[in-house]
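**Q** Contents of input.cif (mmCIF, C-alpha atoms) are given next:
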data_final
#
loop_
_atom_site.label_atom_id
_atom_site.label_comp_id
_atom_site.auth_asym_id
_atom_site.auth_seq_id
_atom_site.Cartn_x
_atom_site.Cartn_y
_atom_site.Cartn_z
CA MET L 115 201.84 91.35 108.73
CA LYS L 116 205.45 90.77 107.68
CA LEU L 117 208.21 91.06 110.28
CA LEU L 118 211.40 92.49 108.75
CA HIS L 119 213.47 93.11 111.87
CA LYS L 120 213.13 92.69 115.63
CA ASN L 121 215.58 94.02 118.19
CA VAL L 122 214.34 94.00 121.79
CA ASP L 123 216.96 93.98 124.55
CA LYS L 124 216.74 92.22 127.91
CA ASP L 125 215.43 95.40 129.57
CA GLY L 126 212.44 95.44 127.19
CA GLY L 127 213.44 98.41 125.05
CA GLY L 128 213.93 98.16 121.30
CA SER L 129 212.25 98.26 117.92
CA VAL L 130 210.53 96.14 115.28
CA SER L 131 210.19 96.79 111.56
CA LEU L 132 206.94 95.67 109.96
CA ILE L 133 205.04 95.76 106.67
CA PRO L 134 201.23 95.61 106.86
CA GLU L 135 200.22 93.30 104.02
CA GLU L 136 196.42 93.49 104.26
CA PRO L 137 193.78 95.81 105.79
CA GLU L 138 193.47 93.71 108.98
CA ASP L 139 197.14 94.41 109.70
CA MET L 140 196.36 98.09 110.16
CA TRP L 141 194.18 97.11 113.13
CA HIS L 142 197.19 95.32 114.64
CA ALA L 143 199.31 98.42 114.06
CA TYR L 144 196.68 100.58 115.78
CA ASN L 145 196.86 98.32 118.83
CA LEU L 146 200.65 98.26 118.84
CA ILE L 147 201.42 101.99 118.59
CA SER L 148 200.98 104.09 121.74
CA GLU L 149 201.55 107.74 122.52
CA GLY L 150 205.20 108.25 123.40
CA ASP L 151 206.43 105.57 120.98
CA CYS L 152 208.80 106.42 118.15
CA VAL L 153 207.74 105.60 114.59
CA ARG L 154 209.97 105.80 111.52
CA ALA L 155 208.56 105.64 107.99
CA SER L 156 208.91 107.16 104.54
CA THR L 157 206.74 110.10 103.58
CA ILE L 158 206.46 112.78 100.91
CA ARG L 159 207.13 116.39 101.83
CA LYS L 160 206.88 119.63 99.93
CA VAL L 161 210.17 121.57 100.06
CA GLN L 162 211.11 125.06 98.90
CA ASN L 163 214.24 125.52 96.79
CA GLU L 164 215.85 128.91 96.28
CA SER L 165 218.02 129.57 93.23
CA THR L 166 221.11 131.78 93.05
CA THR L 167 218.98 134.51 91.50
CA GLY L 168 216.67 134.57 94.51
CA SER L 169 213.66 132.91 92.89
CA SER L 170 212.11 129.97 94.68
CA THR L 171 210.46 126.81 93.46
CA SER L 172 208.74 124.01 95.32
CA SER L 173 209.01 120.29 94.77
CA ARG L 174 207.80 117.12 96.41
CA VAL L 175 210.44 114.75 97.75
CA ARG L 176 210.35 111.41 99.50
CA THR L 177 212.16 111.36 102.82
CA ILE L 178 212.30 109.41 106.07
CA LEU L 179 210.63 110.83 109.16
CA THR L 180 211.01 109.64 112.75
CA ILE L 181 208.46 111.11 115.15
CA ARG L 182 207.59 110.67 118.80
CA VAL L 183 203.88 109.94 118.66
CA GLU L 184 201.51 112.38 120.37
CA ASN L 185 198.26 111.59 118.61
CA ILE L 186 196.88 108.50 116.82
CA ASP L 187 193.92 108.45 114.46
CA PHE L 188 192.64 105.26 112.79
CA ASP L 189 190.65 105.80 109.60
CA THR L 190 188.76 102.49 109.35
CA GLN L 191 187.29 103.33 105.94
CA ALA L 192 190.66 104.05 104.31
CA CYS L 193 192.47 101.49 106.52
CA MET L 194 195.06 104.11 107.35
CA LEU L 195 196.78 105.22 110.57
CA ARG L 196 197.51 108.92 110.89
CA LEU L 197 200.22 109.66 113.48
CA LYS L 198 201.11 113.14 114.70
CA GLY L 199 204.15 114.15 116.72
CA ARG L 200 207.52 115.94 116.80
CA ASN L 201 210.36 114.96 114.53
CA ILE L 202 213.27 113.50 116.56
CA GLU L 203 215.77 112.91 113.73
CA GLU L 204 216.88 115.81 111.55
CA ASN L 205 217.60 115.42 107.85
CA GLN L 206 218.17 117.76 104.90
CA TYR L 207 214.43 118.33 104.44
CA VAL L 208 213.04 118.28 107.97
CA LYS L 209 214.27 120.13 111.03
CA MET L 210 214.46 118.64 114.51
CA GLY L 211 211.47 119.26 116.78
CA GLY L 212 208.95 120.25 114.11
CA TYR L 213 205.43 118.86 114.19
CA HIS L 214 204.67 116.40 111.42
CA THR L 215 202.13 113.79 110.37
CA LEU L 216 202.94 110.26 109.23
CA ASP L 217 200.40 108.18 107.31
CA LEU L 218 200.79 104.42 107.68
CA GLU L 219 198.97 102.21 105.20
CA VAL L 220 199.01 98.75 103.67
CA ASN L 221 202.33 97.75 102.05
CA ARG L 222 204.23 100.68 103.59
CA LYS L 223 207.11 99.68 105.88
CA PHE L 224 207.44 101.28 109.32
CA THR L 225 209.69 100.84 112.34
CA LEU L 226 208.19 101.05 115.81
CA GLY L 227 210.37 101.80 118.83
CA LYS L 228 209.27 101.45 122.45
CA ALA L 229 211.02 102.15 125.74
CA GLU L 230 209.43 98.93 126.99
CA TRP L 231 207.93 96.08 124.97
CA ASP L 232 205.57 94.36 127.41
CA SER L 233 204.19 90.84 126.95
CA VAL L 234 200.89 92.03 125.44
CA SER L 235 202.64 94.02 122.68
CA LEU L 236 205.09 91.21 121.91
CA ASP L 237 202.21 88.71 121.71
CA ARG L 238 200.41 91.05 119.31
CA VAL L 239 203.48 91.13 117.02
CA ASP L 240 203.84 87.34 117.12
CA SER L 241 200.15 86.77 116.39
CA ALA L 242 199.99 89.33 113.58
CA CYS L 243 203.08 87.89 111.87
CA ASP L 244 202.18 84.21 112.28
CA PRO L 245 200.26 83.03 109.16
CA VAL L 246 198.25 80.48 111.14
CA GLN L 247 197.35 82.74 114.05
CA GLY L 248 196.71 85.60 111.65
CA GLU L 249 193.90 83.62 110.02
CA VAL L 250 192.03 83.18 113.32
CA TRP L 251 192.79 86.60 114.78
CA ARG L 252 190.24 88.45 112.71
CA GLY L 253 187.82 90.04 115.13
CA ARG L 254 187.01 93.48 113.84
CA GLN L 255 183.60 94.90 113.05
CA GLU L 256 183.06 97.86 110.75
CA TRP L 257 179.75 99.62 110.17
CA LYS L 258 179.95 99.83 106.37
CA ARG L 259 176.52 100.75 105.09
CA MET L 260 172.95 101.20 106.31
CA CYS L 261 170.19 100.41 103.80
CA GLN L 262 166.71 101.55 104.75
CA THR L 263 163.32 101.68 102.98
CA THR L 264 159.90 102.65 104.33
CA LEU L 265 157.02 100.39 103.27
CA ARG L 266 153.30 101.17 103.71
CA SER L 267 152.22 97.74 104.91
CA GLY L 268 148.80 96.93 106.30
CA ASN L 269 146.73 98.75 103.64
CA ASP L 270 144.24 97.04 101.31
CA ASP L 271 144.89 99.43 98.44
CA ASP L 272 146.34 97.61 95.39
CA ASP L 273 148.42 100.65 94.46
CA ASP L 274 150.01 100.65 97.91
CA ASP L 275 150.80 96.93 97.59
CA GLU L 276 152.49 97.58 94.27
CA ASP L 277 154.47 100.47 95.75
CA ASP L 278 155.59 98.21 98.61
CA MET L 279 156.80 95.56 96.17
CA GLU L 280 158.78 98.16 94.25
CA GLY L 281 160.18 99.55 97.52
CA MET L 282 161.25 96.09 98.66
CA ALA L 283 162.94 95.44 95.31
CA ARG L 284 164.88 98.72 95.65
CA PHE L 285 165.84 97.77 99.21
CA PHE L 286 167.08 94.33 98.12
CA GLU L 287 169.05 95.87 95.27
CA ASN L 288 170.71 98.38 97.63
CA VAL L 289 171.67 95.62 100.07
CA MET L 290 173.06 93.44 97.26
CA GLN L 291 175.14 96.31 95.89
CA ALA L 292 176.44 97.08 99.40
CA ILE L 293 177.56 93.44 99.75
CA LEU L 294 179.34 93.52 96.40
CA ARG L 295 181.01 96.84 97.23
CA HIS L 296 182.13 96.14 100.78
CA VAL L 297 182.67 92.37 101.16
CA ASN L 298 186.06 90.96 100.19
CA PHE L 299 185.12 87.40 99.26
CA ASP L 300 188.79 86.36 99.12
CA ILE L 301 189.04 86.91 102.89
CA VAL L 302 185.53 86.53 104.29
CA LYS L 303 184.63 82.96 105.22
CA CYS L 304 181.02 83.42 106.24
CA ILE L 305 178.30 85.99 105.43
CA LEU L 306 175.26 86.09 107.71
CA ILE L 307 171.90 87.31 106.46
CA ALA L 308 169.67 87.78 109.49
CA SER L 309 166.09 89.02 109.78
CA PRO L 310 162.74 88.37 111.43
CA GLY L 311 160.12 86.49 109.39
CA PHE L 312 161.03 85.48 105.85
CA VAL L 313 162.75 88.67 104.67
CA ARG L 314 166.16 86.99 104.65
CA ASP L 315 164.85 84.17 102.42
CA GLN L 316 163.21 86.64 100.03
CA PHE L 317 166.39 88.69 99.80
CA PHE L 318 168.57 85.62 99.25
CA GLU L 319 166.26 84.44 96.44
CA TYR L 320 166.28 87.93 94.84
CA MET L 321 170.08 88.25 95.05
CA PHE L 322 170.80 84.94 93.32
CA GLN L 323 168.10 85.44 90.72
CA GLN L 324 169.90 88.67 89.82
CA ALA L 325 173.28 86.89 89.97
CA VAL L 326 172.10 84.28 87.44
CA LYS L 327 170.48 86.93 85.24
CA THR L 328 173.63 89.10 85.16
CA ASP L 329 176.11 86.18 85.32
CA ASN L 330 177.67 87.64 88.48
CA LYS L 331 180.46 85.13 89.06
CA ILE L 332 181.50 86.62 92.42
CA LEU L 333 178.13 85.86 93.99
CA LEU L 334 177.62 82.56 92.21
CA GLU L 335 181.05 81.21 93.19
CA ASN L 336 180.58 82.23 96.83
CA LYS L 337 176.97 81.14 97.33
CA GLY L 338 178.03 78.54 99.91
CA LYS L 339 179.39 81.26 102.23
CA PHE L 340 175.94 82.74 102.89
CA MET L 341 173.95 81.68 105.95
CA LEU L 342 170.32 82.61 106.63
CA ILE L 343 169.74 83.23 110.37
CA HIS L 344 166.72 84.35 112.39
CA ALA L 345 166.98 87.69 114.22
CA SER L 346 164.41 89.49 116.33
CA SER L 347 164.86 92.67 114.26
CA GLY L 348 166.88 94.17 111.42
CA PHE L 349 168.73 96.58 113.70
CA LYS L 350 172.31 96.34 114.96
CA HIS L 351 171.29 95.42 118.52
CA SER L 352 170.24 91.99 117.23
CA LEU L 353 173.94 91.34 116.63
CA ARG L 354 174.81 92.65 120.06
CA GLY L 355 172.46 90.37 121.92
CA LYS L 356 169.30 89.34 123.61
CA GLN L 357 168.54 89.91 127.26
CA ILE L 358 168.98 86.96 129.63
CA THR L 359 168.68 88.84 132.92
CA ASN L 360 167.60 92.35 133.79
CA LYS L 361 171.16 93.48 133.16
CA PHE L 362 173.14 91.16 130.90
CA VAL L 363 172.87 90.09 127.27
CA VAL L 364 174.36 87.44 125.02
CA ALA L 365 174.88 87.79 121.27
CA GLU L 366 171.69 86.65 119.52
CA VAL L 367 172.78 86.07 115.93
CA LEU L 368 176.39 85.15 116.72
CA THR L 369 175.44 82.43 119.22
CA ASP L 370 173.18 80.56 116.81
CA PRO L 371 174.60 76.97 116.76
CA ALA L 372 174.89 76.95 112.96
CA VAL L 373 176.83 80.23 113.03
CA VAL L 374 179.10 78.99 115.82
CA ALA L 375 179.93 75.87 113.77
CA LYS L 376 180.67 77.94 110.65
CA MET L 377 182.89 80.39 112.58
CA ALA L 378 184.56 77.71 114.70
CA ASP L 379 188.13 78.60 113.67
CA THR L 380 187.89 82.37 114.10
CA LYS L 381 188.92 84.57 116.98
CA ALA L 382 185.48 86.20 116.91
CA ALA L 383 183.83 82.83 117.64
CA SER L 384 186.19 82.24 120.56
CA GLU L 385 185.27 85.62 122.04
CA VAL L 386 181.53 85.09 121.60
CA LYS L 387 181.78 81.65 123.24
CA ALA L 388 183.74 83.07 126.18
CA MET L 389 181.16 85.82 126.73
CA GLU L 390 178.32 83.30 126.58
CA THR L 391 180.10 81.07 129.14
CA PHE L 392 180.65 84.08 131.41
CA TYR L 393 176.99 85.15 131.30
CA THR L 394 175.80 81.57 131.89
CA MET L 395 178.13 81.26 134.88
CA LEU L 396 176.87 84.59 136.18
CA GLN L 397 173.36 83.14 136.24
CA THR L 398 174.05 79.61 137.46
CA GLU L 399 177.17 80.02 139.66
CA PRO L 400 177.59 83.76 140.36
CA ASP L 401 180.43 83.13 142.84
CA LYS L 402 182.58 81.94 139.91
CA ALA L 403 182.00 84.91 137.57
CA PHE L 404 183.16 88.45 138.35
CA TYR L 405 183.91 91.64 136.44
CA GLY L 406 185.66 94.91 137.25
CA PRO L 407 189.38 95.43 138.03
CA LYS L 408 189.01 95.14 141.83
CA HIS L 409 187.26 91.75 141.84
CA VAL L 410 189.32 90.30 139.00
CA GLU L 411 192.66 91.31 140.54
CA LYS L 412 191.69 89.74 143.88
CA ALA L 413 190.73 86.55 142.08
CA SER L 414 194.08 86.60 140.27
CA GLU L 415 195.94 86.99 143.57
CA ALA L 416 194.18 83.81 144.75
CA GLN L 417 195.24 82.01 141.51
CA ALA L 418 191.53 81.41 140.91
CA ILE L 419 191.13 82.62 137.32
CA GLU L 420 190.43 79.96 134.71
CA THR L 421 189.64 82.42 131.88
CA LEU L 422 190.42 86.14 131.79
CA LEU L 423 188.34 88.28 129.42
CA ILE L 424 189.98 91.65 128.77
CA SER L 425 189.36 94.37 126.15
CA ASP L 426 192.15 95.64 123.91
CA ASN L 427 190.89 99.13 124.77
CA LEU L 428 192.62 98.80 128.13
CA PHE L 429 196.01 98.51 126.41
CA ARG L 430 195.53 101.72 124.40
CA ILE L 431 195.07 103.97 127.43
CA GLN L 432 197.48 106.88 127.86
CA ASP L 433 198.07 106.20 131.57
CA VAL L 434 201.29 104.11 131.51
CA LYS L 435 200.90 103.01 135.12
CA LEU L 436 197.35 101.79 134.50
CA ARG L 437 198.38 99.93 131.33
CA LYS L 438 201.14 98.17 133.29
CA ARG L 439 198.52 97.16 135.86
CA TYR L 440 196.53 95.33 133.18
CA VAL L 441 199.66 93.80 131.62
CA THR L 442 200.64 92.50 135.08
CA LEU L 443 197.17 90.99 135.43
CA VAL L 444 197.52 89.20 132.07
CA ASP L 445 201.01 87.90 132.97
CA SER L 446 199.82 86.69 136.38
CA VAL L 447 196.86 84.75 134.96
CA ARG L 448 199.07 83.08 132.35
CA GLU L 449 201.74 82.26 134.92
CA PHE L 450 199.26 80.20 136.93
CA GLY L 451 197.83 78.35 133.93
CA GLY L 452 194.83 80.55 133.15
CA ASP L 453 193.55 81.28 129.64
CA VAL L 454 193.67 84.93 128.52
CA LYS L 455 191.34 86.20 125.80
CA ILE L 456 192.04 89.73 124.58
CA PHE L 457 188.81 90.96 122.99
CA SER L 458 188.66 93.23 119.96
CA SER L 459 186.77 96.41 120.89
CA MET L 460 185.60 96.63 117.26
CA HIS L 461 183.62 93.40 117.52
CA VAL L 462 180.22 93.06 119.17
CA SER L 463 181.59 90.79 121.92
CA GLY L 464 184.25 93.42 122.68
CA GLU L 465 181.56 96.10 122.90
CA GLN L 466 179.70 93.92 125.40
CA LEU L 467 182.84 93.45 127.49
CA ASP L 468 183.56 97.19 127.46
CA GLN L 469 180.13 97.71 129.05
CA LEU L 470 181.34 95.50 131.91
CA THR L 471 184.42 97.73 132.60
CA GLY L 472 186.49 95.90 129.97
CA VAL L 473 187.68 93.11 132.26
CA ALA L 474 185.95 89.98 133.57
CA ALA L 475 186.90 86.52 134.78
CA ILE L 476 185.56 82.97 134.97
CA LEU L 477 186.96 81.29 138.10
CA ARG L 478 188.19 77.77 138.82
CA PHE L 479 186.45 77.73 142.18
CA PRO L 480 183.81 79.87 143.95
CA MET L 481 184.93 83.04 145.77
CA PRO L 482 181.80 84.36 147.54
CA GLU L 483 184.06 86.47 149.74
CA LEU L 484 184.60 88.89 146.83
CA GLU L 485 180.89 89.81 146.88
CA GLU L 486 180.91 89.87 150.69
CA ASP L 487 183.82 92.34 150.68
CA ASP L 488 181.72 94.68 148.54
CA GLU L 489 178.73 94.37 150.87
CA GLU L 490 180.88 95.12 153.92
CA SER L 491 182.40 98.11 152.15
CA ASP L 492 178.90 99.42 151.28
CA GLU L 493 177.79 99.03 154.90
CA GLU L 494 180.83 100.93 156.17
CA ASN L 495 180.23 103.72 153.66
CA GLY L 496 176.61 103.93 154.78
CA LYS L 497 177.50 104.48 158.43
#
What's the structure tokens form of this structure?

**A**
Amino acid sequence: MKLLHKNVDKDGGGSVSLIPEEPEDMWHAYNLISEGDCVRASTIRKVQNESTTGSSTSSRVRTILTIRVENIDFDTQACMLRLKGRNIEENQYVKMGGYHTLDLEVNRKFTLGKAEWDSVSLDRVDSACDPVQGEVWRGRQEWKRMCQTTLRSGNDDDDDDEDDMEGMARFFENVMQAILRHVNFDIVKCILIASPGFVRDQFFEYMFQQAVKTDNKILLENKGKFMLIHASSGFKHSLRGKQITNKFVVAEVLTDPAVVAKMADTKAASEVKAMETFYTMLQTEPDKAFYGPKHVEKASEAQAIETLLISDNLFRIQDVKLRKRYVTLVDSVREFGGDVKIFSSMHVSGEQLDQLTGVAAILRFPMPELEEDDEESDEENGK
């Protein structure tokens, strides 16, 4: 993300002008823009022109629109933000107060104005525009393509075996084509191929046999980025985790030591590690691991939080008062030397955190009284 202009006054109000330079920047923009904000950008509008004779013609013109945002839609496939709201600046083509849509996309400048730029939003701008931090921020998961083939295994019939081999070859080809179509090898540092048994090894062998046969330089030059990892199944939940108690899970594929080492410098790895530490603490020292706004805020008041885990979903809520509550929590933890990790809700670790209310904390010291307060409250409610 390129920062063109920043003007935020001492009261927190102001604007920033930005240019998203790559698809990941649109995710930053989605997290920055809230309902009620003002966004200014160029757009193309169809206008009617009437001649002196009374005939009318239409033409498409480029103009500048400034809207107060009422609705935000993020198209992850097109990497585009679609903003809807009322126009608040009249020009020769657009009247004041009319409803309009602005499409924000890569390489299109926009200016974002807020009545109050809180610390979370300002940090997001700094991180997105810092080349170093930008490289490790990437923590977004997109469900690009599902490849599925039914095989008739377990039969002794030779014809069925031959059909299965053909079906597996089609499956491998589909997966390979999906990788070539959807993976940007200029950006992606690590590609995990996970499966039970030896399917991953068979696929890897097939893919690079085809790459050699067809002289596919993209695959051949990026062979070192592929990692073969065991998974309990080929379904998405193997990314999400394996059960460690009757309630909690840790990421199965993403916590493999080899994967952790390969992803060491990414934000995603930091999030996965934090979740794993939280779940381990919940098992071994439960008085030092809590989740839910009530418990976490009480721990913050006691300056007990060592690491705060909080979902970016909580900063996109429409309730301004509730958003400020979470911003205050973040500021408080940082003020007293705690580490704050804002999880991407489009990554598996963020999905896990959202299942735990979106906020959790690892404490510096035990606070059993937090659990006791809940028990006393339950007893009072039961009377």

**Q** What does the distance from atom CA of L:Ala325 to atom CA of L:Pro137 come to in Å, to one decimal?

**A** 27.4 Å

**Q** Near L:Asp187, within 8 Å and counting all atoms listed in the file, which residues show up once chain neighbours fewer than 4 positions away are dropped, as an MDAnalysis selection string?

**A** chainID L and resid 195:197

**Q** Which residues fall under the PyMOL selection byres ((chain L and resi 308) around 6) in this file, as a VMD selection string?

**A** chain L and resid 307 309 342 to 345

**Q** Convert the output of the PyMOL selection byres ((chain L and resi 443) around 10) on the shown file into explicit residues, formatted as a ChimeraX atom specification.

**A** /L:407,410-411,414-415,422,424,437-442,444-449,454

**Q** For L:Glu483, which of L:Gly281, L:Pro400, L:Gly464, L:Gly452 is the closest residue, counting all atoms listed in the file?

**A**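 Ranking L:Gly281, L:Pro400, L:Gly464, L:Gly452 by distance to L:Glu483, first place goes to L:Pro400.
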
**Q** Using all atoms listed in the file, which residue out of L:Met210, L:Glu136, L:Gln162, L:Val130 lies closest to L:Asp300?

**A**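 Checking each candidate against L:Asp300, we get L:Glu136 as the closest.
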
**Q** Skip L:Glu287 itself and residues of its chain fewer than 2 positions away, then list as a ChimeraX atom specification all residues within 12 Å of it, counting all atoms listed in the file.

**A** /L:261-263,280-285,289-294,316-325

**Q** Please write as a compact mmCIF listing (two decimals) with C-alpha atoms, in the coordinates of the input the full residue list that the PyMOL selection byres ((chain L and resi 232) around 12) yields on this file.

**A**
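The result, written out as part16.txt:
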# COMPACT_ATOMS: atom_id res chain seq x y z
CA VAL L 122 214.34 94.00 121.79
CA ASP L 123 216.96 93.98 124.55
CA LYS L 124 216.74 92.22 127.91
CA ASP L 125 215.43 95.40 129.57
CA GLY L 126 212.44 95.44 127.19
CA GLY L 127 213.44 98.41 125.05
CA GLY L 128 213.93 98.16 121.30
CA LEU L 146 200.65 98.26 118.84
CA LYS L 228 209.27 101.45 122.45
CA ALA L 229 211.02 102.15 125.74
CA GLU L 230 209.43 98.93 126.99
CA TRP L 231 207.93 96.08 124.97
CA SER L 233 204.19 90.84 126.95
CA VAL L 234 200.89 92.03 125.44
CA SER L 235 202.64 94.02 122.68
CA LEU L 236 205.09 91.21 121.91
CA ASP L 237 202.21 88.71 121.71
CA ARG L 238 200.41 91.05 119.31
CA VAL L 239 203.48 91.13 117.02
CA PHE L 429 196.01 98.51 126.41
CA VAL L 434 201.29 104.11 131.51
CA ARG L 437 198.38 99.93 131.33
CA LYS L 438 201.14 98.17 133.29
CA ARG L 439 198.52 97.16 135.86
CA TYR L 440 196.53 95.33 133.18
CA VAL L 441 199.66 93.80 131.62
CA THR L 442 200.64 92.50 135.08
CA VAL L 444 197.52 89.20 132.07
CA ASP L 445 201.01 87.90 132.97

**Q** At a cut-off of 10 Å, using only C-alpha atoms, what residues contact L:Met481? Leave out same-chain residues fewer than 4 positions from it and give the result as a list in words.

**A**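 The filter keeps Pro400, Asp401, Lys402, Ala403, Phe404, His409, Lys412, Ala413, Ala416, Ala418, Leu477, Glu485 and Glu486 of chain L.
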
**Q** Could you tell me which of L:Ser169, L:Ser463, L:Thr180, L:Gln191 comes closest to L:His296 if we count only C-alpha atoms?

**A**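 Smallest separation from L:His296 among the options: L:Gln191.
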
**Q** Could you check the closest approach to L:Asp453 for each of L:Arg314, L:Arg478, L:Lys198, L:Arg154 and tell me which residue wins, using all atoms listed in the file?

**A**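 Closest residue, counting all atoms listed in the file: L:Arg478.
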
**Q** Take every atom of stretch 129-140 of chain L listed in the file, fit an axis-aligned box around them, add 3 Å per side, and give the centre and edge lengths in Å to one decimal as lines of an AutoDock Vina configuration file.

**A**
center_x = 202.9
center_y = 95.8
center_z = 111.0
size_x = 24.8
size_y = 11.0
size_z = 19.9

**Q** Taking all atoms listed in the file into account, name the residue in L:Val208, L:Gly227, L:Asn201, L:Asp189 that is nearest to L:Cys152.

**A**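 Result for the nearest residue to L:Cys152: L:Gly227.
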
**Q** Between L:Asp433, L:Asp468, L:Glu385, L:Asp240, single out the one closest to L:Gly406, counting all atoms listed in the file.

**A** L:Asp468

**Q** Which residues are close to stretch 297-299 of chain L, i.e. within 9 Å by all atoms listed in the file, leaving aside same-chain residues fewer than 4 positions away? Reply as number ranges by chain.

**A** L: 292-293, 303, 305, 332-333, 336, 339

**Q** Taking C-alpha atoms for each residue, export the selection above as a PDB file, in the coordinates of the input.

**A**
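Saved as out_0.pdb:
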ATOM      1  CA  ALA L 292     176.440  97.080  99.400  1.00  0.00           C
ATOM      2  CA  ILE L 293     177.560  93.440  99.750  1.00  0.00           C
ATOM      3  CA  LYS L 303     184.630  82.960 105.220  1.00  0.00           C
ATOM      4  CA  ILE L 305     178.300  85.990 105.430  1.00  0.00           C
ATOM      5  CA  ILE L 332     181.500  86.620  92.420  1.00  0.00           C
ATOM      6  CA  LEU L 333     178.130  85.860  93.990  1.00  0.00           C
ATOM      7  CA  ASN L 336     180.580  82.230  96.830  1.00  0.00           C
ATOM      8  CA  LYS L 339     179.390  81.260 102.230  1.00  0.00           C
TER       9      LYS L 339
END

**Q** So how far away is atom CA of L:Asn145 from atom CA of L:Arg200, in Å?

**A**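 Atom CA of L:Asn145 lies 20.7 Å from atom CA of L:Arg200.
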
**Q** One number please: atom CA of L:Glu203 to atom CA of L:Ile147, in Å, one decimal.

**A**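 The value is 18.7 Å.
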
**Q** Complete stretch 426-431 of chain L with all heavy atoms (output as a PDB file, keeping the file's coordinate frame).

**A**
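And here's selection-v1.pdb as it stands now:
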ATOM      1  N   ASP L 426     190.929  94.991 124.402  1.00  0.00           N
ATOM      2  CA  ASP L 426     192.150  95.640 123.910  1.00  0.00           C
ATOM      3  C   ASP L 426     192.140  97.141 124.139  1.00  0.00           C
ATOM      4  O   ASP L 426     193.184  97.794 124.080  1.00  0.00           O
ATOM      5  CB  ASP L 426     192.418  95.296 122.442  1.00  0.00           C
ATOM      6  CG  ASP L 426     191.286  95.699 121.502  1.00  0.00           C
ATOM      7  OD1 ASP L 426     190.426  96.496 121.900  1.00  0.00           O
ATOM      8  OD2 ASP L 426     191.271  95.206 120.351  1.00  0.00           O
ATOM      9  N   ASN L 427     190.959  97.712 124.424  1.00  0.00           N
ATOM     10  CA  ASN L 427     190.890  99.130 124.770  1.00  0.00           C
ATOM     11  C   ASN L 427     191.761  99.477 125.967  1.00  0.00           C
ATOM     12  O   ASN L 427     192.312 100.583 126.053  1.00  0.00           O
ATOM     13  CB  ASN L 427     189.435  99.531 125.089  1.00  0.00           C
ATOM     14  CG  ASN L 427     188.725 100.146 123.896  1.00  0.00           C
ATOM     15  OD1 ASN L 427     189.361 100.648 122.982  1.00  0.00           O
ATOM     16  ND2 ASN L 427     187.405 100.109 123.908  1.00  0.00           N
ATOM     17  N   LEU L 428     191.882  98.542 126.903  1.00  0.00           N
ATOM     18  CA  LEU L 428     192.620  98.800 128.130  1.00  0.00           C
ATOM     19  C   LEU L 428     194.125  98.890 127.885  1.00  0.00           C
ATOM     20  O   LEU L 428     194.863  99.379 128.748  1.00  0.00           O
ATOM     21  CB  LEU L 428     192.327  97.715 129.174  1.00  0.00           C
ATOM     22  CG  LEU L 428     190.856  97.595 129.598  1.00  0.00           C
ATOM     23  CD1 LEU L 428     190.680  96.497 130.634  1.00  0.00           C
ATOM     24  CD2 LEU L 428     190.336  98.925 130.143  1.00  0.00           C
ATOM     25  N   PHE L 429     194.588  98.429 126.732  1.00  0.00           N
ATOM     26  CA  PHE L 429     196.010  98.510 126.410  1.00  0.00           C
ATOM     27  C   PHE L 429     196.327  99.692 125.497  1.00  0.00           C
ATOM     28  O   PHE L 429     197.467  99.854 125.068  1.00  0.00           O
ATOM     29  CB  PHE L 429     196.478  97.192 125.780  1.00  0.00           C
ATOM     30  CG  PHE L 429     196.242  96.004 126.670  1.00  0.00           C
ATOM     31  CD1 PHE L 429     195.259  95.082 126.366  1.00  0.00           C
ATOM     32  CD2 PHE L 429     196.984  95.836 127.830  1.00  0.00           C
ATOM     33  CE1 PHE L 429     195.021  94.002 127.200  1.00  0.00           C
ATOM     34  CE2 PHE L 429     196.756  94.761 128.674  1.00  0.00           C
ATOM     35  CZ  PHE L 429     195.770  93.841 128.360  1.00  0.00           C
ATOM     36  N   ARG L 430     195.308 100.507 125.196  1.00  0.00           N
ATOM     37  CA  ARG L 430     195.530 101.720 124.400  1.00  0.00           C
ATOM     38  C   ARG L 430     195.399 102.979 125.256  1.00  0.00           C
ATOM     39  O   ARG L 430     195.440 104.090 124.725  1.00  0.00           O
ATOM     40  CB  ARG L 430     194.523 101.782 123.238  1.00  0.00           C
ATOM     41  CG  ARG L 430     194.813 100.777 122.139  1.00  0.00           C
ATOM     42  CD  ARG L 430     194.131 101.188 120.837  1.00  0.00           C
ATOM     43  NE  ARG L 430     192.687 101.204 120.993  1.00  0.00           N
ATOM     44  CZ  ARG L 430     191.906 100.158 120.795  1.00  0.00           C
ATOM     45  NH1 ARG L 430     192.423  98.997 120.459  1.00  0.00           N
ATOM     46  NH2 ARG L 430     190.608 100.253 120.944  1.00  0.00           N
ATOM     47  N   ILE L 431     195.233 102.806 126.561  1.00  0.00           N
ATOM     48  CA  ILE L 431     195.070 103.970 127.430  1.00  0.00           C
ATOM     49  C   ILE L 431     196.386 104.729 127.566  1.00  0.00           C
ATOM     50  O   ILE L 431     197.469 104.156 127.451  1.00  0.00           O
ATOM     51  CB  ILE L 431     194.554 103.544 128.833  1.00  0.00           C
ATOM     52  CG1 ILE L 431     195.441 102.440 129.413  1.00  0.00           C
ATOM     53  CG2 ILE L 431     193.119 103.076 128.772  1.00  0.00           C
ATOM     54  CD1 ILE L 431     195.001 101.977 130.785  1.00  0.00           C
TER      55      ILE L 431
END
